[in-house]
file run.csv (CSV, C-alpha atoms)
chain,number,residue,atom,x,y,z
A,45,MET,CA,-2.1,17.1,-30.6
A,46,LEU,CA,-5.4,15.4,-29.5
A,47,LEU,CA,-7.5,14.3,-32.5
A,48,ALA,CA,-10.6,13.0,-30.7
A,49,SER,CA,-11.9,11.8,-27.3
A,50,THR,CA,-15.0,10.2,-25.7
A,51,SER,CA,-16.8,13.5,-25.7
A,52,ASN,CA,-17.8,13.2,-29.4
A,53,ALA,CA,-18.2,9.5,-30.1
A,54,GLN,CA,-20.3,6.6,-28.8
A,55,THR,CA,-18.3,4.0,-27.0
A,56,ARG,CA,-18.3,0.3,-26.3
A,57,ASP,CA,-16.9,-1.3,-23.2
A,58,TYR,CA,-14.2,-3.9,-23.5
A,59,ASP,CA,-13.7,-5.5,-20.1
A,60,GLY,CA,-13.6,-2.1,-18.4
A,61,VAL,CA,-11.9,-0.1,-21.2
A,62,PRO,CA,-13.9,2.1,-23.5
A,63,LEU,CA,-13.3,2.3,-27.3
A,64,PRO,CA,-15.2,4.1,-30.0
A,65,GLU,CA,-18.2,2.1,-31.2
A,66,ALA,CA,-17.1,2.1,-34.8
A,67,VAL,CA,-13.5,1.0,-34.3
A,68,LYS,CA,-12.3,-2.2,-36.0
A,69,LEU,CA,-10.2,-4.5,-33.9
A,70,VAL,CA,-8.2,-6.3,-36.5
A,71,THR,CA,-4.5,-7.1,-35.8
A,72,ALA,CA,-2.1,-6.9,-38.7
A,73,PRO,CA,-1.5,-10.4,-40.1
A,74,ASP,CA,2.3,-10.0,-40.0
A,75,ARG,CA,4.6,-8.8,-37.2
A,76,ASP,CA,6.1,-6.1,-39.4
A,77,GLY,CA,3.1,-3.9,-39.0
A,78,PHE,CA,1.7,-2.2,-35.9
A,79,ALA,CA,-1.8,-1.8,-37.4
A,80,GLY,CA,-4.5,-3.3,-35.3
A,81,ALA,CA,-5.4,-3.6,-31.6
A,82,TRP,CA,-3.2,-4.5,-28.6
A,83,SER,CA,-4.0,-5.0,-24.9
A,84,GLY,CA,-2.0,-5.1,-21.7
A,85,LEU,CA,-1.5,-3.7,-18.2
A,86,TRP,CA,0.5,-0.6,-17.3
A,87,GLY,CA,2.4,-1.4,-14.2
A,88,HIS,CA,0.6,-4.8,-14.2
A,89,GLN,CA,-2.4,-2.9,-12.8
A,90,LEU,CA,-4.0,-0.4,-15.3
A,91,LYS,CA,-5.9,-1.9,-18.2
A,92,HIS,CA,-4.7,-0.4,-21.5
A,93,ILE,CA,-5.8,-0.9,-25.1
A,94,LEU,CA,-3.9,0.6,-28.1
A,95,VAL,CA,-5.5,0.6,-31.5
A,96,VAL,CA,-3.2,1.7,-34.4
A,97,GLU,CA,-5.0,3.0,-37.5
A,98,ASN,CA,-4.2,4.8,-40.8
A,99,VAL,CA,-0.6,3.7,-41.1
A,100,GLN,CA,1.1,5.6,-43.9
A,101,THR,CA,4.2,4.7,-45.9
A,102,ASP,CA,6.1,7.5,-44.2
A,103,GLY,CA,5.5,5.9,-40.8
A,104,THR,CA,2.8,8.3,-39.6
A,105,ALA,CA,-0.3,6.8,-38.1
A,106,GLU,CA,-3.2,7.4,-35.7
A,107,ALA,CA,-3.4,5.7,-32.3
A,108,ILE,CA,-6.5,5.2,-30.1
A,109,TYR,CA,-5.1,5.3,-26.6
A,110,ALA,CA,-7.6,3.8,-24.1
A,111,TYR,CA,-7.5,2.8,-20.4
A,112,GLY,CA,-9.7,1.6,-17.6
A,113,ASP,CA,-10.4,2.6,-14.1
A,114,LEU,CA,-7.7,2.5,-11.4
A,115,VAL,CA,-8.8,4.1,-8.2
A,116,SER,CA,-5.5,3.8,-6.4
A,117,TRP,CA,-3.9,5.9,-9.3
A,118,GLY,CA,-6.8,8.4,-9.4
A,119,ILE,CA,-7.6,7.3,-13.0
A,120,THR,CA,-11.0,7.1,-14.6
A,121,ARG,CA,-11.6,5.1,-17.8
A,122,ASP,CA,-11.3,7.1,-21.1
A,123,TRP,CA,-9.9,7.1,-24.6
A,124,GLN,CA,-8.2,9.6,-26.9
A,125,ARG,CA,-6.9,9.5,-30.5
A,126,TYR,CA,-3.4,10.8,-31.0
A,127,PRO,CA,-0.9,11.1,-33.8
A,128,ALA,CA,1.7,8.4,-33.8
A,129,GLN,CA,5.0,7.8,-35.5
A,130,ILE,CA,6.6,4.5,-36.5
A,131,GLU,CA,10.4,4.2,-36.9
A,132,GLY,CA,11.7,0.7,-37.4
A,133,ASP,CA,10.4,-1.6,-34.7
A,134,THR,CA,9.1,1.3,-32.5
A,135,LEU,CA,5.9,3.2,-32.4
A,136,THR,CA,5.7,6.5,-30.4
A,137,VAL,CA,2.5,8.1,-29.2
A,138,MET,CA,2.8,11.7,-28.1
A,139,GLY,CA,-0.1,12.3,-25.7
A,140,ASN,CA,-1.2,15.1,-23.5
A,141,GLY,CA,1.7,15.3,-21.0
A,142,PHE,CA,3.1,11.9,-21.7
A,143,VAL,CA,5.1,9.8,-24.2
A,144,ALA,CA,4.4,6.1,-24.8
A,145,ASN,CA,6.8,4.0,-26.8
A,146,TYR,CA,5.9,0.5,-28.1
A,147,GLU,CA,8.6,-1.9,-29.4
A,148,ILE,CA,7.4,-4.9,-31.4
A,149,LEU,CA,9.3,-8.0,-30.4
A,150,PRO,CA,9.9,-11.3,-32.3
A,151,SER,CA,7.4,-13.0,-30.0
A,152,ASP,CA,4.6,-10.9,-31.5
A,153,VAL,CA,4.0,-8.7,-28.4
A,154,LEU,CA,4.6,-5.0,-27.8
A,155,MET,CA,7.1,-4.0,-25.1
A,156,ALA,CA,5.8,-0.6,-23.9
A,157,ASN,CA,7.0,2.2,-21.7
A,158,PHE,CA,5.2,5.3,-20.5
A,159,GLN,CA,6.9,8.5,-19.4
A,160,ALA,CA,5.2,11.6,-17.8
A,161,GLY,CA,7.8,13.7,-16.1
A,162,ARG,CA,9.6,11.5,-13.6
A,163,ALA,CA,6.8,8.9,-13.7
A,164,PHE,CA,7.8,5.8,-15.6
A,165,SER,CA,5.8,2.6,-16.2
A,166,GLN,CA,5.9,-0.5,-18.4
A,167,ALA,CA,3.6,-2.9,-20.1
A,168,VAL,CA,3.5,-5.9,-22.4
A,169,LEU,CA,0.7,-5.7,-25.0
A,170,HIS,CA,-0.8,-8.7,-26.7
A,171,PRO,CA,-2.7,-8.8,-30.0
A,172,PHE,CA,-6.5,-8.3,-29.6
A,173,ASN,CA,-9.3,-8.7,-32.1
A,174,GLN,CA,-13.0,-8.9,-32.2
A,175,SER,CA,-13.1,-12.7,-32.3
A,176,MET,CA,-11.8,-12.8,-28.7
A,177,SER,CA,-14.3,-12.8,-25.9
A,178,LYS,CA,-12.2,-10.2,-24.0
A,179,PRO,CA,-8.7,-8.6,-24.2
A,180,LYS,CA,-5.7,-10.6,-23.0
A,181,TRP,CA,-4.3,-8.5,-20.3
A,182,THR,CA,-1.4,-10.6,-19.2
A,183,SER,CA,0.3,-14.0,-19.6
A,184,ALA,CA,1.0,-14.2,-15.9
A,185,LYS,CA,-0.2,-17.1,-13.7
A,186,PHE,CA,-0.7,-16.5,-10.0
A,187,GLU,CA,-0.1,-19.5,-7.8
A,188,LYS,CA,0.7,-20.6,-4.3
A,189,ILE,CA,3.5,-22.9,-3.2
A,190,THR,CA,4.0,-24.6,0.2
A,191,THR,CA,7.5,-24.9,1.5
A,192,GLU,CA,9.2,-26.6,4.4
A,193,LEU,CA,9.4,-23.2,6.2
A,194,SER,CA,7.1,-22.6,9.1
A,195,GLU,CA,6.3,-19.7,11.4
A,196,ASN,CA,4.6,-20.1,14.8
A,197,GLY,CA,4.1,-23.7,14.0
A,198,LYS,CA,2.3,-23.1,10.7
A,199,PRO,CA,3.7,-23.9,7.3
A,200,ILE,CA,4.4,-20.9,5.1
A,201,THR,CA,2.7,-20.7,1.7
A,202,PHE,CA,4.2,-18.3,-0.7
A,203,GLU,CA,2.5,-16.4,-3.6
A,204,ILE,CA,4.4,-16.7,-6.9
A,205,VAL,CA,3.7,-15.1,-10.3
A,206,ILE,CA,4.8,-17.2,-13.2
A,207,PHE,CA,5.6,-16.3,-16.8
A,208,LYS,CA,6.5,-19.2,-19.1
A,209,PRO,CA,7.2,-20.0,-22.8
A,210,ASP,CA,4.6,-22.0,-24.8
A,211,GLY,CA,4.7,-25.7,-24.2
A,212,ALA,CA,5.2,-28.1,-21.4
A,213,GLY,CA,8.9,-27.5,-20.8
A,214,PRO,CA,10.9,-28.2,-18.7
A,215,TYR,CA,12.5,-24.8,-18.8
A,216,PRO,CA,15.5,-23.3,-17.0
A,217,LEU,CA,14.4,-21.3,-14.0
A,218,ALA,CA,14.9,-17.5,-13.6
A,219,ILE,CA,13.8,-16.0,-10.3
A,220,VAL,CA,13.1,-12.2,-10.0
A,221,ASN,CA,13.2,-10.8,-6.5
A,222,HIS,CA,11.2,-7.8,-5.3
A,223,GLY,CA,12.5,-4.9,-3.4
A,224,SER,CA,11.4,-3.1,-0.2
A,225,THR,CA,8.3,-1.0,0.4
A,226,GLY,CA,10.0,2.4,0.2
A,227,ASP,CA,10.6,3.6,3.8
A,228,GLY,CA,8.7,0.7,5.3
A,229,LYS,CA,6.1,2.9,7.0
A,230,ASN,CA,3.1,2.1,4.7
A,231,MET,CA,2.4,-1.6,5.3
A,232,ALA,CA,-0.5,-1.5,2.8
A,233,VAL,CA,2.3,-1.4,0.1
A,234,ALA,CA,3.5,-4.8,1.4
A,235,LYS,CA,0.3,-6.4,0.3
A,236,LEU,CA,0.9,-5.4,-3.4
A,237,THR,CA,2.1,-8.3,-5.6
A,238,PHE,CA,5.4,-7.4,-7.3
A,239,VAL,CA,5.7,-8.1,-11.0
A,240,ASP,CA,8.1,-6.6,-13.6
A,241,THR,CA,6.7,-7.3,-17.0
A,242,ALA,CA,9.7,-6.0,-18.9
A,243,ILE,CA,12.1,-8.4,-17.1
A,244,ALA,CA,9.5,-11.2,-17.4
A,245,GLN,CA,9.1,-10.8,-21.2
A,246,PHE,CA,12.8,-10.5,-21.7
A,247,LEU,CA,13.4,-13.8,-19.8
A,248,VAL,CA,10.5,-15.7,-21.4
A,249,ASP,CA,11.7,-14.7,-24.9
A,250,ARG,CA,15.0,-16.2,-24.1
A,251,GLY,CA,13.6,-19.6,-23.0
A,252,TYR,CA,13.4,-19.1,-19.2
A,253,ILE,CA,10.4,-19.7,-17.0
A,254,ALA,CA,10.3,-16.5,-15.0
A,255,VAL,CA,9.0,-16.7,-11.4
A,256,PHE,CA,8.4,-13.7,-9.1
A,257,PRO,CA,8.1,-14.9,-5.5
A,258,GLN,CA,6.6,-12.8,-2.8
A,259,ARG,CA,8.5,-13.3,0.4
A,260,ARG,CA,6.9,-13.7,3.8
A,261,GLY,CA,4.2,-11.1,4.4
A,262,ARG,CA,4.5,-9.7,0.9
A,263,GLY,CA,1.7,-9.9,-1.6
A,264,LYS,CA,-0.5,-12.8,-0.7
A,265,SER,CA,2.2,-14.8,1.0
A,266,ASP,CA,1.8,-16.1,4.6
A,267,GLY,CA,3.8,-14.9,7.6
A,268,LEU,CA,5.1,-11.7,8.9
A,269,TYR,CA,7.0,-9.2,6.7
A,270,ASP,CA,10.0,-8.5,8.9
A,271,GLU,CA,13.0,-7.7,6.8
A,272,GLY,CA,14.8,-5.3,9.1
A,273,PHE,CA,12.2,-3.1,10.8
A,274,ASP,CA,12.7,-0.9,13.8
A,275,LYS,CA,11.2,-2.2,17.1
A,276,ASP,CA,8.6,0.6,16.6
A,277,ARG,CA,7.4,-0.5,13.1
A,278,THR,CA,5.8,2.8,12.5
A,279,ILE,CA,9.3,4.2,12.1
A,280,GLY,CA,9.8,1.8,9.2
A,281,TYR,CA,13.1,0.1,8.3
A,282,SER,CA,15.9,0.2,10.9
A,283,CYS,CA,19.3,1.7,10.1
A,284,ASP,CA,20.9,-0.4,12.8
A,285,THR,CA,23.4,-2.6,11.0
A,286,GLY,CA,22.6,-5.8,13.0
A,287,THR,CA,18.9,-5.4,12.6
A,288,SER,CA,19.1,-4.6,8.9
A,289,LEU,CA,21.4,-7.5,8.1
A,290,ALA,CA,19.1,-9.9,10.1
A,291,GLY,CA,16.3,-8.8,7.8
A,292,ALA,CA,18.5,-9.6,4.8
A,293,GLU,CA,19.2,-13.0,6.3
A,294,ARG,CA,15.5,-13.6,6.7
A,295,ALA,CA,15.0,-12.8,3.0
A,296,ILE,CA,17.8,-15.3,2.1
A,297,THR,CA,16.1,-18.0,4.1
A,298,ASP,CA,12.8,-17.4,2.3
A,299,LEU,CA,14.5,-17.5,-1.1
A,300,GLY,CA,16.2,-20.8,-0.2
A,301,HIS,CA,12.9,-22.4,0.6
A,302,ILE,CA,11.3,-21.0,-2.5
A,303,VAL,CA,14.1,-22.3,-4.7
A,304,LYS,CA,13.9,-25.8,-3.2
A,305,ALA,CA,10.1,-25.9,-3.7
A,306,LEU,CA,10.3,-24.6,-7.3
A,307,LYS,CA,12.9,-27.1,-8.4
A,308,LYS,CA,10.4,-29.9,-7.7
A,309,ARG,CA,8.1,-28.7,-10.5
A,310,PRO,CA,8.0,-30.8,-13.7
A,311,ASP,CA,8.0,-27.7,-15.9
A,312,ILE,CA,11.4,-26.5,-14.4
A,313,SER,CA,14.6,-28.1,-15.5
A,314,SER,CA,17.5,-29.3,-13.4
A,315,ASP,CA,19.8,-26.6,-14.7
A,316,SER,CA,21.3,-24.1,-12.4
A,317,ILE,CA,19.1,-21.0,-11.9
A,318,LEU,CA,19.4,-17.4,-13.0
A,319,LEU,CA,18.7,-14.9,-10.3
A,320,SER,CA,17.6,-11.3,-10.8
A,321,GLY,CA,15.9,-8.6,-8.8
A,322,VAL,CA,15.2,-4.9,-8.4
A,323,SER,CA,16.6,-2.8,-5.5
A,324,ARG,CA,16.6,-5.0,-2.4
A,325,GLY,CA,15.8,-7.9,-4.7
A,326,GLY,CA,19.0,-7.1,-6.7
A,327,ILE,CA,21.4,-7.2,-3.8
A,328,LEU,CA,19.5,-10.2,-2.3
A,329,SER,CA,20.1,-12.1,-5.6
A,330,MET,CA,23.8,-11.3,-5.4
A,331,ALA,CA,24.1,-12.3,-1.8
A,332,TYR,CA,22.2,-15.5,-2.3
A,333,ALA,CA,24.5,-16.5,-5.2
A,334,GLY,CA,27.5,-16.0,-2.9
A,335,ARG,CA,25.9,-18.2,-0.2
A,336,TYR,CA,24.8,-21.0,-2.6
A,337,PRO,CA,27.0,-20.7,-5.7
A,338,SER,CA,26.3,-24.3,-6.9
A,339,GLN,CA,22.6,-23.5,-7.4
A,340,VAL,CA,23.2,-20.4,-9.5
A,341,SER,CA,24.4,-19.8,-13.1
A,342,GLY,CA,24.3,-16.0,-13.0
A,343,VAL,CA,22.8,-12.9,-11.5
A,344,ILE,CA,21.3,-9.7,-13.1
A,345,ASN,CA,21.2,-7.0,-10.5
A,346,PHE,CA,19.0,-4.0,-11.2
A,347,VAL,CA,19.8,-1.0,-8.9
A,348,GLY,CA,20.6,-3.3,-6.0
A,349,GLY,CA,21.0,-2.2,-2.5
A,350,TRP,CA,19.5,-3.1,0.9
A,351,MET,CA,19.5,0.4,2.5
A,352,GLY,CA,19.6,3.7,0.8
A,353,GLU,CA,22.6,6.0,1.4
A,354,GLY,CA,20.3,8.3,3.4
A,355,CYS,CA,20.8,5.7,6.1
A,356,PRO,CA,24.1,6.5,8.1
A,357,ASN,CA,25.0,2.8,8.0
A,358,GLY,CA,23.8,2.3,4.4
A,359,ALA,CA,27.3,1.8,2.9
A,360,LYS,CA,28.3,-0.6,5.7
A,361,ILE,CA,25.1,-2.7,5.3
A,362,ASN,CA,25.4,-2.9,1.6
A,363,ASP,CA,29.1,-3.7,1.7
A,364,ALA,CA,28.4,-6.6,4.0
A,365,LEU,CA,26.0,-8.1,1.4
A,366,PHE,CA,28.3,-7.4,-1.6
A,367,ILE,CA,31.2,-9.1,0.3
A,368,GLN,CA,29.0,-12.1,0.7
A,369,ALA,CA,28.2,-11.9,-3.0
A,370,ALA,CA,31.9,-12.0,-3.9
A,371,GLU,CA,31.9,-15.7,-2.9
A,372,PHE,CA,30.0,-16.4,-6.1
A,373,PRO,CA,32.7,-17.5,-8.6
A,374,ASN,CA,30.8,-16.8,-11.8
A,375,LYS,CA,30.3,-13.5,-13.7
A,376,THR,CA,27.5,-11.2,-12.6
A,377,LEU,CA,25.8,-8.1,-14.2
A,378,SER,CA,25.0,-5.0,-12.1
A,379,LEU,CA,22.9,-2.3,-13.8
A,380,TYR,CA,22.4,1.1,-12.2
A,381,GLY,CA,20.7,4.3,-13.3
A,382,GLU,CA,21.8,7.9,-13.2
A,383,ASN,CA,19.9,10.1,-10.7
A,384,ASP,CA,18.7,7.2,-8.6
A,385,PRO,CA,17.1,8.9,-5.5
A,386,LEU,CA,18.3,6.0,-3.3
A,387,TYR,CA,21.7,5.1,-4.6
A,388,SER,CA,24.0,7.7,-6.2
A,389,ILE,CA,26.5,6.5,-8.8
A,390,ALA,CA,29.3,7.4,-6.4
A,391,HIS,CA,27.7,5.1,-3.8
A,392,THR,CA,27.2,2.1,-6.1
A,393,THR,CA,30.6,2.5,-7.6
A,394,GLU,CA,32.2,2.2,-4.2
A,395,ARG,CA,30.0,-0.8,-3.4
A,396,PHE,CA,31.1,-2.5,-6.6
A,397,GLN,CA,34.7,-1.8,-5.9
A,398,THR,CA,34.3,-3.5,-2.5
A,399,PHE,CA,32.7,-6.5,-4.3
A,400,GLU,CA,35.7,-6.7,-6.7
A,401,ALA,CA,38.3,-6.2,-4.0
A,402,LYS,CA,36.9,-9.3,-2.3
A,403,GLY,CA,37.2,-11.3,-5.5
A,404,GLY,CA,33.7,-10.8,-7.0
A,405,GLN,CA,33.4,-11.3,-10.7
A,406,GLY,CA,31.1,-9.0,-12.6
A,407,THR,CA,30.3,-6.0,-14.9
A,408,TYR,CA,29.0,-2.7,-13.6
A,409,VAL,CA,27.0,-0.6,-16.0
A,410,VAL,CA,25.5,2.8,-15.6
A,411,ILE,CA,22.5,3.8,-17.7
A,412,ASP,CA,20.9,7.2,-18.2
A,413,VAL,CA,17.2,6.4,-17.6
A,414,PRO,CA,14.5,8.5,-19.5
A,415,GLY,CA,12.5,10.7,-17.0
A,416,GLY,CA,15.5,11.2,-14.7
A,417,ASN,CA,14.6,8.5,-12.2
A,418,GLY,CA,17.4,5.9,-12.2
A,419,HIS,CA,15.6,3.6,-9.8
A,420,ALA,CA,13.1,3.0,-12.6
A,421,LEU,CA,15.8,1.4,-14.8
A,422,SER,CA,14.1,-1.9,-15.3
A,423,ALA,CA,11.2,-0.3,-17.2
A,424,ALA,CA,13.7,1.0,-19.8
A,425,HIS,CA,13.8,-2.3,-21.6
A,426,ASN,CA,15.3,-1.0,-24.8
A,427,LEU,CA,18.4,0.3,-22.9
A,428,TRP,CA,19.3,-2.7,-20.8
A,429,ALA,CA,18.1,-5.6,-22.9
A,430,PRO,CA,21.1,-5.7,-25.3
A,431,ILE,CA,23.5,-5.6,-22.3
A,432,ALA,CA,21.7,-8.4,-20.5
A,433,ASP,CA,21.5,-10.4,-23.8
A,434,ALA,CA,25.3,-10.3,-24.1
A,435,TYR,CA,25.6,-11.4,-20.5
A,436,LEU,CA,23.2,-14.3,-20.9
A,437,ASP,CA,25.1,-15.5,-23.9
A,438,SER,CA,28.3,-15.6,-21.8
A,439,LEU,CA,26.8,-17.9,-19.1
A,440,ASP,CA,27.2,-21.7,-18.7
A,441,ARG,CA,23.6,-22.6,-17.8
A,442,ARG,CA,24.3,-26.2,-16.9

call {"tool": "encode", "arguments": {"input": "run.csv", "output": "structure tokens"}}
result
Amino acid sequence: MLLASTSNAQTRDYDGVPLPEAVKLVTAPDRDGFAGAWSGLWGHQLKHILVVENVQTDGTAEAIYAYGDLVSWGITRDWQRYPAQIEGDTLTVMGNGFVANYEILPSDVLMANFQAGRAFSQAVLHPFNQSMSKPKWTSAKFEKITTELSENGKPITFEIVIFKPDGAGPYPLAIVNHGSTGDGKNMAVAKLTFVDTAIAQFLVDRGYIAVFPQRRGRGKSDGLYDEGFDKDRTIGYSCDTGTSLAGAERAITDLGHIVKALKKRPDISSDSILLSGVSRGGILSMAYAGRYPSQVSGVINFVGGWMGEGCPNGAKINDALFIQAAEFPNKTLSLYGENDPLYSIAHTTERFQTFEAKGGQGTYVVIDVPGGNGHALSAAHNLWAPIADAYLDSLDRR
């Protein structure tokens, strides 16, 4: 039920997000209450403010759900007031055609997920009040690092996105690797910077500095993005086994140079690193750990695979990388979602069996993801976080 909208109230702009003029932006003084205002980014792109009002003893409340403009998503700034329900540490807003859940964490932020049909997104929201000059949208820091890698005689500078705990550190390093660009035909997608706020917040809350590197040609990194394309790049990624695996080798090379550069930072400890990644980033993390086991303490693989099973050679390509991953002597964690459009459970089960048959150590977990898109698993923080927590507790991080 919609209680109110911009059509019947004067509004005030908060860094591109409208709110009712009369709203009071006062965050609850203790973390047990949702009452107050919170700000963050859906998908690390869409500005979002949540204001929770009129909280009752039975857990009912009202929520002002506001957002900014995002042309690429076809969204124009607006706000609405909806009923909300609090149960334990979770607040649920039932909107017009969507459901948004907000989980309050011990670090005094809200871990949020949004579902509308098969669409699924995530956000981390920070407290926001009227004493602040503008809302805090993210704790991410965008930087560039120069490595020893060169291309056409020019040194390669990589874009990295950093999330870190409070203080100077040093902190153990967790690297989260991005996936592909879908079918590889739309090169504009390659210029988007990959960030996964749910994974980032999970890692930071557990004492890691979380770094999201953008490999060559991705985001704002230098160089050519060339991880297994057909000779005619308009066709997208090649299904030829040799071409595809050469692309994976290129990604491993990039990651090696990135690791070496990051380990020189004073805010990063000398401990072995935790690797994680989504889709291609997940299988890349596994393969890299097999190649350089002394550098790595553990791997959390989210829906990992290099080529989808729609590719005739997909199983062969993915098996080659999981066989390489089996050289890693420590435990790994592989998380997959039901109804993944790229990797069926039958496909990923077979790949994991290949990994184990070659001596790989790990746990394979299947999760039913809300919305029915298993490839969006990482956004379902509440489902995978307890499993990942137990995995991290089992690691020797030295």

call {"tool": "closest_atom_pairs", "arguments": {"input": "run.csv", "of": "region 221-307 of chain A", "to": "region 131-152 of chain A", "cutoff": "10 Å", "atoms": "only C-alpha atoms", "output": "CSV"}}
result
residue,atom,partner,partner_atom,distance
A:Gln245,CA,A:Ser151,CA,9.2
A:Phe246,CA,A:Leu149,CA,9.7
A:Val248,CA,A:Ser151,CA,9.5
A:Asp249,CA,A:Ser151,CA,6.9

call {"tool": "closest_atom_pairs", "arguments": {"input": "run.csv", "of": "region 342-379 of chain A", "to": "region 214-228 of chain A", "cutoff": "10 Å", "atoms": "all atoms listed in the file", "output": "JSON lines"}}
result
{"residue": "A:Gly342", "atom": "CA", "partner": "A:Ala218", "partner_atom": "CA", "distance": 9.5}
{"residue": "A:Val343", "atom": "CA", "partner": "A:Ala218", "partner_atom": "CA", "distance": 9.4}
{"residue": "A:Ile344", "atom": "CA", "partner": "A:Val220", "partner_atom": "CA", "distance": 9.1}
{"residue": "A:Asn345", "atom": "CA", "partner": "A:Val220", "partner_atom": "CA", "distance": 9.6}
{"residue": "A:Val347", "atom": "CA", "partner": "A:Gly223", "partner_atom": "CA", "distance": 9.9}
{"residue": "A:Gly348", "atom": "CA", "partner": "A:Gly223", "partner_atom": "CA", "distance": 8.7}
{"residue": "A:Gly349", "atom": "CA", "partner": "A:Gly223", "partner_atom": "CA", "distance": 9.0}
{"residue": "A:Trp350", "atom": "CA", "partner": "A:Ser224", "partner_atom": "CA", "distance": 8.2}
{"residue": "A:Met351", "atom": "CA", "partner": "A:Ser224", "partner_atom": "CA", "distance": 9.2}
{"residue": "A:Gly352", "atom": "CA", "partner": "A:Asp227", "partner_atom": "CA", "distance": 9.5}

call {"tool": "residues_around", "arguments": {"input": "run.csv", "residues": "Gly84 (chain A)", "least_positions_apart": "3", "cutoff": "10 Å", "atoms": "all atoms listed in the file", "output": "list in words"}}
result
Gly87, His88, Gln89, Leu90, Lys91, His92, Ile93, Leu94, Tyr111, Val153, Leu154, Met155, Ala156, Gln166, Ala167, Val168, Leu169, His170, Pro171, Phe172, Pro179, Lys180, Trp181, Thr182 and Ser183 of chain A

call {"tool": "atom_distance", "arguments": {"input": "run.csv", "atom1": "CA of Lys304 (chain A)", "atom2": "CA of Gly406 (chain A)"}}
result
25.8 Å

call {"tool": "closest_atom_pairs", "arguments": {"input": "run.csv", "of": "region 228-276 of chain A", "to": "region 407-426 of chain A", "cutoff": "8 Å", "atoms": "only C-alpha atoms", "output": "Markdown table"}}
result
| residue | atom | partner | partner_atom | distance |
| --- | --- | --- | --- | --- |
| A:Asp240 | CA | A:Ser422 | CA | 7.8 |
| A:Ala242 | CA | A:Ala423 | CA | 6.1 |
| A:Ile243 | CA | A:Ser422 | CA | 7.0 |

call {"tool": "atom_distance", "arguments": {"input": "run.csv", "atom1": "CA of Ala110 (chain A)", "atom2": "CA of Ser175 (chain A)"}}
result
19.2 Å
